[in-house]
Every structure is written in C-alpha cells, then in structure tokens.
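Visitor: Enclosed is the structure file query.cif (mmCIF, C-alpha atoms).
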data_coords
#
loop_
_atom_site.group_PDB
_atom_site.id
_atom_site.type_symbol
_atom_site.label_atom_id
_atom_site.label_comp_id
_atom_site.auth_asym_id
_atom_site.auth_seq_id
_atom_site.Cartn_x
_atom_site.Cartn_y
_atom_site.Cartn_z
ATOM 1 C CA MET A 1 38.395 99.720 -17.872
ATOM 2 C CA GLU A 2 38.925 102.562 -15.422
ATOM 3 C CA SER A 3 42.134 104.592 -15.362
ATOM 4 C CA ILE A 4 43.878 107.403 -13.568
ATOM 5 C CA THR A 5 46.886 109.329 -14.881
ATOM 6 C CA LEU A 6 49.091 111.240 -12.480
ATOM 7 C CA THR A 7 52.451 112.920 -12.402
ATOM 8 C CA ALA A 8 54.982 110.334 -11.284
ATOM 9 C CA ASP A 9 56.041 111.863 -7.991
ATOM 10 C CA LEU A 10 55.765 110.646 -4.407
ATOM 11 C CA GLU A 11 52.731 112.837 -3.766
ATOM 12 C CA ALA A 12 50.798 110.628 -6.208
ATOM 13 C CA LEU A 13 51.103 107.526 -4.034
ATOM 14 C CA ALA A 14 48.193 108.396 -1.754
ATOM 15 C CA ARG A 15 45.830 108.931 -4.713
ATOM 16 C CA ILE A 16 47.079 105.748 -6.375
ATOM 17 C CA SER A 17 46.415 103.798 -3.172
ATOM 18 C CA ALA A 18 42.904 105.204 -2.779
ATOM 19 C CA PHE A 19 42.094 104.511 -6.439
ATOM 20 C CA ILE A 20 43.237 100.888 -6.452
ATOM 21 C CA THR A 21 41.733 100.121 -3.032
ATOM 22 C CA ALA A 22 38.312 101.325 -4.160
ATOM 23 C CA ALA A 23 38.709 99.340 -7.379
ATOM 24 C CA ALA A 24 39.626 96.126 -5.563
ATOM 25 C CA GLU A 25 36.667 96.449 -3.221
ATOM 26 C CA GLN A 26 34.357 97.162 -6.160
ATOM 27 C CA ALA A 27 35.670 94.060 -7.918
ATOM 28 C CA GLY A 28 34.787 91.903 -4.919
ATOM 29 C CA LEU A 29 38.224 91.140 -3.498
ATOM 30 C CA ASP A 30 38.273 90.317 0.190
ATOM 31 C CA GLU A 31 40.162 92.383 2.755
ATOM 32 C CA ARG A 32 43.405 90.416 2.514
ATOM 33 C CA ALA A 33 43.468 90.349 -1.295
ATOM 34 C CA THR A 34 42.710 94.073 -1.383
ATOM 35 C CA TRP A 35 45.672 94.739 0.891
ATOM 36 C CA GLN A 36 47.915 92.575 -1.296
ATOM 37 C CA VAL A 37 46.909 94.478 -4.435
ATOM 38 C CA GLN A 38 47.353 97.803 -2.652
ATOM 39 C CA LEU A 39 50.893 96.915 -1.580
ATOM 40 C CA ALA A 40 51.883 95.494 -4.981
ATOM 41 C CA VAL A 41 50.648 98.614 -6.784
ATOM 42 C CA ASP A 42 52.423 100.879 -4.309
ATOM 43 C CA GLU A 43 55.703 99.020 -4.829
ATOM 44 C CA ALA A 44 55.340 99.192 -8.611
ATOM 45 C CA ALA A 45 54.400 102.868 -8.639
ATOM 46 C CA THR A 46 57.271 103.719 -6.299
ATOM 47 C CA ASN A 47 59.701 101.987 -8.668
ATOM 48 C CA VAL A 48 58.401 104.080 -11.559
ATOM 49 C CA ILE A 49 58.584 107.311 -9.558
ATOM 50 C CA GLN A 50 62.109 106.671 -8.314
ATOM 51 C CA HIS A 51 63.703 105.041 -11.354
ATOM 52 C CA ALA A 52 61.803 105.660 -14.606
ATOM 53 C CA TYR A 53 62.169 109.437 -14.789
ATOM 54 C CA ASP A 54 64.715 112.025 -13.793
ATOM 55 C CA PRO A 55 63.803 113.657 -10.455
ATOM 56 C CA ASP A 56 63.598 117.126 -11.995
ATOM 57 C CA ALA A 57 61.523 115.985 -14.994
ATOM 58 C CA PRO A 58 58.852 113.530 -13.808
ATOM 59 C CA GLY A 59 56.603 112.136 -16.484
ATOM 60 C CA ASP A 60 53.192 110.492 -16.196
ATOM 61 C CA ILE A 61 52.107 107.190 -14.744
ATOM 62 C CA THR A 62 48.792 105.633 -15.747
ATOM 63 C CA LEU A 63 47.081 103.092 -13.517
ATOM 64 C CA SER A 64 44.205 101.069 -14.968
ATOM 65 C CA TRP A 65 42.086 98.168 -13.870
ATOM 66 C CA ARG A 66 39.469 95.841 -15.277
ATOM 67 C CA CYS A 67 37.822 92.519 -14.487
ATOM 68 C CA GLU A 68 37.775 89.551 -16.830
ATOM 69 C CA GLY A 69 36.003 86.524 -15.420
ATOM 70 C CA ASN A 70 37.592 85.782 -12.074
ATOM 71 C CA GLN A 71 40.625 87.982 -12.790
ATOM 72 C CA PHE A 72 41.218 91.459 -11.381
ATOM 73 C CA ILE A 73 43.729 92.949 -13.830
ATOM 74 C CA VAL A 74 45.840 95.979 -12.975
ATOM 75 C CA THR A 75 48.187 97.754 -15.391
ATOM 76 C CA LEU A 76 50.741 100.509 -14.824
ATOM 77 C CA ARG A 77 52.146 102.347 -17.834
ATOM 78 C CA ASP A 78 54.975 104.862 -17.983
ATOM 79 C CA PHE A 79 57.132 106.346 -20.722
ATOM 80 C CA GLY A 80 60.341 106.541 -18.771
ATOM 81 C CA ARG A 81 63.517 104.521 -19.128
ATOM 82 C CA GLN A 82 63.053 100.978 -20.387
ATOM 83 C CA PHE A 83 62.785 98.555 -17.513
ATOM 84 C CA ASP A 84 64.228 95.048 -17.745
ATOM 85 C CA PRO A 85 63.134 92.969 -14.741
ATOM 86 C CA GLY A 86 65.741 90.358 -15.625
ATOM 87 C CA SER A 87 68.482 92.837 -14.773
ATOM 88 C CA ILE A 88 67.341 93.054 -11.157
ATOM 89 C CA PRO A 89 68.949 90.393 -8.948
ATOM 90 C CA PRO A 90 66.703 88.644 -6.437
ATOM 91 C CA PRO A 91 66.807 90.143 -2.943
ATOM 92 C CA ASP A 92 69.001 88.648 -0.253
ATOM 93 C CA LEU A 93 66.581 87.300 2.330
ATOM 94 C CA SER A 94 68.979 85.103 4.268
ATOM 95 C CA SER A 95 71.893 87.297 5.333
ATOM 96 C CA PRO A 96 71.758 89.402 8.509
ATOM 97 C CA LEU A 97 69.905 92.663 7.889
ATOM 98 C CA GLU A 98 73.014 94.817 8.240
ATOM 99 C CA GLU A 99 74.793 92.795 5.525
ATOM 100 C CA ARG A 100 72.053 92.757 2.895
ATOM 101 C CA GLN A 101 72.389 94.697 -0.336
ATOM 102 C CA ALA A 102 69.556 97.088 -1.150
ATOM 103 C CA GLY A 103 67.340 96.525 -4.172
ATOM 104 C CA GLY A 104 65.057 93.918 -5.663
ATOM 105 C CA LEU A 105 62.713 93.681 -2.711
ATOM 106 C CA GLY A 106 59.867 95.610 -4.364
ATOM 107 C CA ILE A 107 59.736 93.338 -7.402
ATOM 108 C CA TYR A 108 60.008 90.307 -5.156
ATOM 109 C CA LEU A 109 56.981 91.479 -3.158
ATOM 110 C CA ILE A 110 54.987 92.165 -6.310
ATOM 111 C CA THR A 111 55.564 88.650 -7.644
ATOM 112 C CA ARG A 112 54.661 87.115 -4.297
ATOM 113 C CA LEU A 113 51.549 89.200 -3.693
ATOM 114 C CA MET A 114 49.978 88.878 -7.163
ATOM 115 C CA ASP A 115 48.951 85.713 -8.994
ATOM 116 C CA GLU A 116 50.377 86.787 -12.368
ATOM 117 C CA VAL A 117 52.935 89.469 -13.210
ATOM 118 C CA ARG A 118 54.139 90.479 -16.686
ATOM 119 C CA PHE A 119 56.492 93.259 -17.859
ATOM 120 C CA ASP A 120 56.342 94.548 -21.448
ATOM 121 C CA PHE A 121 58.061 97.348 -23.338
ATOM 122 C CA ASN A 122 57.894 98.885 -26.787
ATOM 123 C CA PRO A 123 59.104 102.284 -27.983
ATOM 124 C CA GLN A 124 55.595 103.538 -28.705
ATOM 125 C CA GLY A 125 53.809 102.093 -25.694
ATOM 126 C CA GLY A 126 56.518 102.525 -23.086
ATOM 127 C CA ASN A 127 56.793 100.279 -20.038
ATOM 128 C CA MET A 128 53.717 98.251 -19.213
ATOM 129 C CA LEU A 129 53.364 96.240 -16.016
ATOM 130 C CA THR A 130 50.382 93.885 -15.883
ATOM 131 C CA MET A 131 49.393 92.291 -12.584
ATOM 132 C CA VAL A 132 46.555 89.850 -12.008
ATOM 133 C CA LYS A 133 44.795 88.895 -8.805
ATOM 134 C CA TYR A 134 42.310 86.033 -8.878
ATOM 135 C CA ILE A 135 38.935 86.830 -7.403
ATOM 136 C CA THR A 136 37.937 84.068 -5.012
ATOM 137 C CA PRO A 137 34.222 83.894 -4.237
ATOM 138 C CA PRO A 138 33.456 84.068 -0.514
ATOM 139 C CA ALA A 139 32.975 80.713 1.139
ATOM 140 C CA ALA A 140 29.408 79.921 1.984
ATOM 141 C CA ASP A 141 28.652 80.013 5.679
ATOM 142 C CA ASP A 142 27.545 76.494 6.562
ATOM 143 C CA THR A 143 27.097 77.231 10.277
ATOM 144 C CA LEU A 144 23.575 77.446 11.658
ATOM 145 C CA THR A 145 22.289 78.319 15.109
ATOM 146 C CA LEU A 146 18.739 77.136 15.620
ATOM 147 C CA PRO A 147 16.804 78.045 18.773
ATOM 148 C CA VAL A 148 14.508 75.363 20.170
ATOM 149 C CA THR A 149 11.764 76.178 22.663
ATOM 150 C CA GLY A 150 9.112 74.473 24.761
ATOM 151 C CA ARG A 151 8.785 70.703 24.928
ATOM 152 C CA VAL A 152 10.726 68.250 22.760
ATOM 153 C CA ASP A 153 8.664 65.091 23.022
ATOM 154 C CA ALA A 154 6.927 62.525 20.817
ATOM 155 C CA ALA A 155 4.570 65.185 19.477
ATOM 156 C CA THR A 156 7.116 67.928 18.746
ATOM 157 C CA ALA A 157 10.311 65.987 17.948
ATOM 158 C CA PRO A 158 9.268 65.363 14.302
ATOM 159 C CA GLN A 159 8.863 69.128 13.830
ATOM 160 C CA LEU A 160 12.384 69.688 15.120
ATOM 161 C CA SER A 161 13.739 66.986 12.819
ATOM 162 C CA ARG A 162 12.020 68.510 9.783
ATOM 163 C CA ALA A 163 13.277 71.999 10.606
ATOM 164 C CA VAL A 164 16.885 70.865 10.906
ATOM 165 C CA HIS A 165 16.639 68.625 7.840
ATOM 166 C CA GLN A 166 15.439 71.607 5.769
ATOM 167 C CA GLU A 167 18.453 73.628 6.868
ATOM 168 C CA ILE A 168 20.786 70.743 6.053
ATOM 169 C CA ALA A 169 19.228 70.565 2.593
ATOM 170 C CA ARG A 170 20.042 74.276 2.194
ATOM 171 C CA GLY A 171 23.690 73.601 2.975
ATOM 172 C CA ALA A 172 24.027 73.763 6.761
ATOM 173 C CA ARG A 173 26.719 71.390 7.976
ATOM 174 C CA ARG A 174 27.656 72.785 11.384
ATOM 175 C CA VAL A 175 24.549 73.100 13.504
ATOM 176 C CA VAL A 176 24.143 74.500 17.002
ATOM 177 C CA LEU A 177 20.837 73.799 18.707
ATOM 178 C CA ASP A 178 20.194 76.480 21.313
ATOM 179 C CA LEU A 179 18.218 74.574 23.948
ATOM 180 C CA SER A 180 18.002 77.409 26.460
ATOM 181 C CA GLY A 181 14.259 77.637 25.834
ATOM 182 C CA VAL A 182 13.581 73.895 26.163
ATOM 183 C CA SER A 183 11.802 73.043 29.399
ATOM 184 C CA PHE A 184 11.182 69.324 28.773
ATOM 185 C CA LEU A 185 13.009 66.624 26.806
ATOM 186 C CA SER A 186 11.812 63.041 26.482
ATOM 187 C CA SER A 187 13.390 59.913 25.025
ATOM 188 C CA SER A 188 11.653 60.753 21.731
ATOM 189 C CA GLY A 189 13.527 64.041 21.723
ATOM 190 C CA LEU A 190 16.784 62.247 22.380
ATOM 191 C CA ARG A 191 16.169 59.897 19.450
ATOM 192 C CA ALA A 192 15.449 62.851 17.179
ATOM 193 C CA LEU A 193 18.713 64.491 18.208
ATOM 194 C CA LEU A 194 20.596 61.264 17.562
ATOM 195 C CA LEU A 195 19.184 61.034 14.035
ATOM 196 C CA ILE A 196 20.072 64.685 13.353
ATOM 197 C CA ARG A 197 23.598 64.057 14.594
ATOM 198 C CA LYS A 198 23.911 60.950 12.404
ATOM 199 C CA GLU A 199 22.712 62.801 9.312
ATOM 200 C CA LEU A 200 25.211 65.611 9.857
ATOM 201 C CA MET A 201 28.087 63.230 10.522
ATOM 202 C CA THR A 202 27.277 61.340 7.315
ATOM 203 C CA LEU A 203 27.705 64.633 5.444
ATOM 204 C CA GLY A 204 30.911 65.512 7.268
ATOM 205 C CA GLY A 205 29.144 67.969 9.550
ATOM 206 C CA GLU A 206 28.751 68.440 13.285
ATOM 207 C CA LEU A 207 25.930 68.912 15.789
ATOM 208 C CA ARG A 208 26.503 70.854 18.996
ATOM 209 C CA LEU A 209 24.048 71.555 21.792
ATOM 210 C CA ALA A 210 24.094 74.710 23.861
ATOM 211 C CA ALA A 211 22.613 76.240 27.005
ATOM 212 C CA LEU A 212 20.745 73.234 28.408
ATOM 213 C CA GLN A 213 18.498 73.899 31.390
ATOM 214 C CA PRO A 214 19.367 71.760 34.450
ATOM 215 C CA GLN A 215 16.423 69.367 34.064
ATOM 216 C CA VAL A 216 17.238 68.830 30.379
ATOM 217 C CA ARG A 217 20.908 68.276 31.110
ATOM 218 C CA GLU A 218 19.917 65.681 33.716
ATOM 219 C CA VAL A 219 18.167 63.630 31.023
ATOM 220 C CA PHE A 220 21.422 63.530 29.057
ATOM 221 C CA ASP A 221 23.410 62.572 32.148
ATOM 222 C CA LEU A 222 20.970 59.812 33.216
ATOM 223 C CA THR A 223 21.031 58.194 29.783
ATOM 224 C CA GLY A 224 24.756 58.644 29.208
ATOM 225 C CA PHE A 225 24.069 60.814 26.169
ATOM 226 C CA SER A 226 26.142 63.627 27.649
ATOM 227 C CA GLN A 227 29.112 61.498 26.580
ATOM 228 C CA VAL A 228 27.773 61.265 23.033
ATOM 229 C CA PHE A 229 26.799 64.847 22.252
ATOM 230 C CA ALA A 230 29.000 67.939 22.258
ATOM 231 C CA ILE A 231 27.333 70.073 24.928
ATOM 232 C CA HIS A 232 28.336 73.675 25.642
ATOM 233 C CA PRO A 233 27.243 76.241 28.228
ATOM 234 C CA ASP A 234 26.321 78.821 25.579
ATOM 235 C CA VAL A 235 26.003 79.347 21.839
ATOM 236 C CA VAL A 236 29.164 81.426 21.519
ATOM 237 C CA GLU A 237 31.336 78.623 22.885
ATOM 238 C CA ALA A 238 29.520 76.043 20.772
ATOM 239 C CA ARG A 239 30.131 77.942 17.531
ATOM 240 C CA ALA A 240 33.764 78.552 18.404
ATOM 241 C CA ALA A 241 34.304 74.820 19.008
ATOM 242 C CA PHE A 242 33.534 73.659 15.465
ATOM 243 C CA GLY A 243 36.456 71.835 13.977
ATOM 244 C CA GLN A 244 38.018 71.221 17.386
ATOM 245 C CA GLY A 245 36.611 67.744 17.924
ATOM 246 C CA ARG A 246 33.978 66.712 20.450
ATOM 247 C CA ALA A 247 33.851 68.835 23.625
#
What does the file become when written as structure tokens?

Guide:
Amino acid sequence: MESITLTADLEALARISAFITAAAEQAGLDERATWQVQLAVDEAATNVIQHAYDPDAPGDITLSWRCEGNQFIVTLRDFGRQFDPGSIPPPDLSSPLEERQAGGLGIYLITRLMDEVRFDFNPQGGNMLTMVKYITPPAADDTLTLPVTGRVDAATAPQLSRAVHQEIARGARRVVLDLSGVSFLSSSGLRALLLIRKELMTLGGELRLAALQPQVREVFDLTGFSQVFAIHPDVVEARAAFGQGRA
C-alpha cells in the first residue's frame, strides 16, 4: 500500500490528483478509468476539506491505494466530523438548473464513477471512504495488415495462405491484405483469397483487400470477384471499415 498524508485544505487537491493519477497509471488502468478515479478522489477529498474540519483548524487527510487481483482500491481517511452518507439526499438532476438545490452531486458522481463505494466510521479510526475500480485488461488487437508483393500464382499462393493461416492461429480476425506490391494475380491466387476469406468468416472475422494495382483490379472485375471481396483504395480506409459491413 502507498499513502500520502496532507493538510486538508484546497491547496492539497493538486498533489492529491497527481498522486492518484500516477497510482492509477501504475496499476494499469486505461485513460478513461484513470480519469474516473481522478475525479472521484477529487470529489471525495473536496468534501473532506470543505465539511469535515473547521476552516480555521484543518486536520489531515490520508489517501492510500493498493491492488488486489483485478481491483484498484483507494481509501481516504480523515478524523473530522462523522460523515453519514445516508443523510445526504440524492441530487436533483431533472429540474431546470436555476431551480436545483445544491448538494449531493459529489457523492452521486463518486458512486457512478467507481465500481464499489463504502463509507465507514469509528471513533478511533475516523471516517474511512473505500472506493474500488476494476482493472480491465486491454483488449487484444486482432487486426492485422499483411503486405503482399510480387506474383500471386499457383506457385506462390500456398505461401500466402500459410502466412495468413499462421496469423489467424495467433488470433488475427480482421485481416487487411495490402496488395499494392502485387504485380500479377492468377486464378490460383483468387482461390487462395477465397479460402482465406472463408476461414476468417467462419471465425467471425473479416478479410479486406487494399491498394490493388490496375491490372490486379481488372482480374477481380473480369471474374466478378470485386462484388465478393471488400476492396479499398488504401490500407487506412480498409482498417477503418472493419465492422461496417462489406464495402
């Protein structure tokens, strides 16, 4: 567990923010989750600063964090006035802004931003706020761009098939074949592409072709395969089109 103890005044907020942001990043939270933790901690610390102590006699606030499994756990402790979250009415979020009563919004944000929130109090330990954010592992990138060069014919098509199949076995599901370097494509190459497309579709994936040279594109047009494959002018457009249906 790592902790920081500061005087509970508004000047402490910047140090609290820097401390918890670095902690969240160290724990592996993504950018959005880090922002959510940062805001929740700021709201909680501000409540302590403004309500737990008298303005002319600020006490201490201790911020701690630790990781347990997939949980990023943050605690704030103070020894000010006992806090009862049940005494705070929920904020009015439906009335016009000029008619809303102040108060309750900070706690509301904390409970919405964090996955678990718990308030505890005892005379010896003071007020303890525990907040938990679940650490979600980053999603694996299943998108692959594979450049193809030279001839794709009866001799080389099996090599292309093996190369793509190996990437599929490693987890690739959205494949862009960059054909800008392909100068010749035969019917054997077309069959290989069809089998690659079928394999990906069976696994819920997609195959997209990009940057075809004019003579290669003509083979697709002559055979009608340009109506079968998703063909794009460049790799950037092909990658951006995943999940949008066939081009």

Visitor: Mind giving me the straight-line distance from atom CA of A:Gln36 to atom CA of A:Asp84 in Å, one decimal?

Guide: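 Interatomic distance here is 23.3 Å.
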
Visitor: So which residues touch A:Leu195 within 12 Å, counting only C-alpha atoms, skipping near sequence neighbours fewer than 6 positions away, as a ChimeraX atom specification?

Guide: /A:157-158,160-162,164-165,188-189,201-202,207,229

Visitor: Can you write out the residues you just picked, keeping C-alpha atoms, as an mmCIF file, keeping the file's coordinate frame?

Guide:
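For reference, result.cif as written:
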data_model
loop_
_atom_site.group_PDB
_atom_site.id
_atom_site.type_symbol
_atom_site.label_atom_id
_atom_site.label_comp_id
_atom_site.auth_asym_id
_atom_site.auth_seq_id
_atom_site.Cartn_x
_atom_site.Cartn_y
_atom_site.Cartn_z
ATOM 1 C CA ALA A 157 10.311 65.987 17.948
ATOM 2 C CA PRO A 158 9.268 65.363 14.302
ATOM 3 C CA LEU A 160 12.384 69.688 15.120
ATOM 4 C CA SER A 161 13.739 66.986 12.819
ATOM 5 C CA ARG A 162 12.020 68.510 9.783
ATOM 6 C CA VAL A 164 16.885 70.865 10.906
ATOM 7 C CA HIS A 165 16.639 68.625 7.840
ATOM 8 C CA SER A 188 11.653 60.753 21.731
ATOM 9 C CA GLY A 189 13.527 64.041 21.723
ATOM 10 C CA MET A 201 28.087 63.230 10.522
ATOM 11 C CA THR A 202 27.277 61.340 7.315
ATOM 12 C CA LEU A 207 25.930 68.912 15.789
ATOM 13 C CA PHE A 229 26.799 64.847 22.252
#

Visitor: Quick one: everything within 8 Å of A:Arg208, counting all atoms listed in the file, minus sequence neighbours fewer than 5 positions away in the same chain. Send it as an NGL selection string.

Guide: :A and (174-177 or 229-232 or 238)

Visitor: Could you work out how far atom CA of A:Ala27 lies from atom CA of A:Ile73, giving the answer in Å with one decimal?

Guide: 10.1 Å

Visitor: Of the candidates A:Asn127, A:Thr143, A:Thr7, A:Ser186, which one gets nearest to A:Pro58 if we count all atoms listed in the file?

Guide: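 Checking each candidate against A:Pro58, we get A:Thr7 as the closest.
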
Visitor: Specify the axis-aligned box that encloses all atoms of stretch 199-207 of chain A listed in the file after padding of 8 Å on each side, stating its centre and edge lengths in Å to one decimal as JSON.

Guide:
{"center_x": 26.8, "center_y": 65.1, "center_z": 10.6, "size_x": 24.2, "size_y": 23.6, "size_z": 26.3}

Visitor: What residues come out when you apply the PyMOL selection byres ((chain A and resi 190) around 12) to this file, written as a ChimeraX atom specification?

Guide: /A:151-154,156-158,160-161,184-189,191-197,209,216-217,219-226,228-229

Visitor: Give me, please, the distance in Å between atom CA of A:Ile61 and atom CA of A:Ala14, quoted to one decimal.

Guide: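 Pair atom CA of A:Ile61 / atom CA of A:Ala14 returns 13.6 Å.
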
Visitor: Taking the file above as input, evaluate the PyMOL selection byres ((chain A and resi 130) around 10) and report the hits as a short mmCIF file (atom, residue, chain, number, x, y, z; two decimals) with C-alpha atoms, keeping the file's coordinate frame.

Guide:
data_model
loop_
_atom_site.label_atom_id
_atom_site.label_comp_id
_atom_site.auth_asym_id
_atom_site.auth_seq_id
_atom_site.Cartn_x
_atom_site.Cartn_y
_atom_site.Cartn_z
CA SER A 64 44.20 101.07 -14.97
CA TRP A 65 42.09 98.17 -13.87
CA ILE A 73 43.73 92.95 -13.83
CA VAL A 74 45.84 95.98 -12.98
CA THR A 75 48.19 97.75 -15.39
CA LEU A 76 50.74 100.51 -14.82
CA ARG A 77 52.15 102.35 -17.83
CA GLU A 116 50.38 86.79 -12.37
CA VAL A 117 52.94 89.47 -13.21
CA ARG A 118 54.14 90.48 -16.69
CA PHE A 119 56.49 93.26 -17.86
CA ASP A 120 56.34 94.55 -21.45
CA ASN A 127 56.79 100.28 -20.04
CA MET A 128 53.72 98.25 -19.21
CA LEU A 129 53.36 96.24 -16.02
CA MET A 131 49.39 92.29 -12.58
CA VAL A 132 46.56 89.85 -12.01
#

Visitor: Given the point (35.7, 86.9, -2.8) in the coordinates of this file, which residues lie within 12 Å, counting all atoms listed in the file, and how would they look as a PDB file with C-alpha atoms, in the frame of the given file?

Guide:
ATOM      1  CA  ALA A  24      39.626  96.126  -5.563  1.00  0.00           C
ATOM      2  CA  GLU A  25      36.667  96.449  -3.221  1.00  0.00           C
ATOM      3  CA  GLN A  26      34.357  97.162  -6.160  1.00  0.00           C
ATOM      4  CA  ALA A  27      35.670  94.060  -7.918  1.00  0.00           C
ATOM      5  CA  GLY A  28      34.787  91.903  -4.919  1.00  0.00           C
ATOM      6  CA  LEU A  29      38.224  91.140  -3.498  1.00  0.00           C
ATOM      7  CA  ASP A  30      38.273  90.317   0.190  1.00  0.00           C
ATOM      8  CA  GLU A  31      40.162  92.383   2.755  1.00  0.00           C
ATOM      9  CA  ARG A  32      43.405  90.416   2.514  1.00  0.00           C
ATOM     10  CA  ALA A  33      43.468  90.349  -1.295  1.00  0.00           C
ATOM     11  CA  THR A  34      42.710  94.073  -1.383  1.00  0.00           C
ATOM     12  CA  ASN A  70      37.592  85.782 -12.074  1.00  0.00           C
ATOM     13  CA  GLN A  71      40.625  87.982 -12.790  1.00  0.00           C
ATOM     14  CA  PHE A  72      41.218  91.459 -11.381  1.00  0.00           C
ATOM     15  CA  LYS A 133      44.795  88.895  -8.805  1.00  0.00           C
ATOM     16  CA  TYR A 134      42.310  86.033  -8.878  1.00  0.00           C
ATOM     17  CA  ILE A 135      38.935  86.830  -7.403  1.00  0.00           C
ATOM     18  CA  THR A 136      37.937  84.068  -5.012  1.00  0.00           C
ATOM     19  CA  PRO A 137      34.222  83.894  -4.237  1.00  0.00           C
ATOM     20  CA  PRO A 138      33.456  84.068  -0.514  1.00  0.00           C
ATOM     21  CA  ALA A 139      32.975  80.713   1.139  1.00  0.00           C
ATOM     22  CA  ALA A 140      29.408  79.921   1.984  1.00  0.00           C
TER      23      ALA A 140
END

Visitor: If you apply the PyMOL selection byres ((chain A and resi 20) around 10) to this file, what residues do you get, as a PyMOL selection string?

Guide: chain A and resi 3-4+15-19+21-26+34-35+37-39+41-42+63-65+74

Visitor: Rank A:Asp60, A:Glu68, A:Asp78, A:Asp178 by their smallest atom-to-atom distance to A:Val148, using all atoms listed in the file, and report the top residue only.

Guide: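 The closest residue to A:Val148 is A:Asp178.
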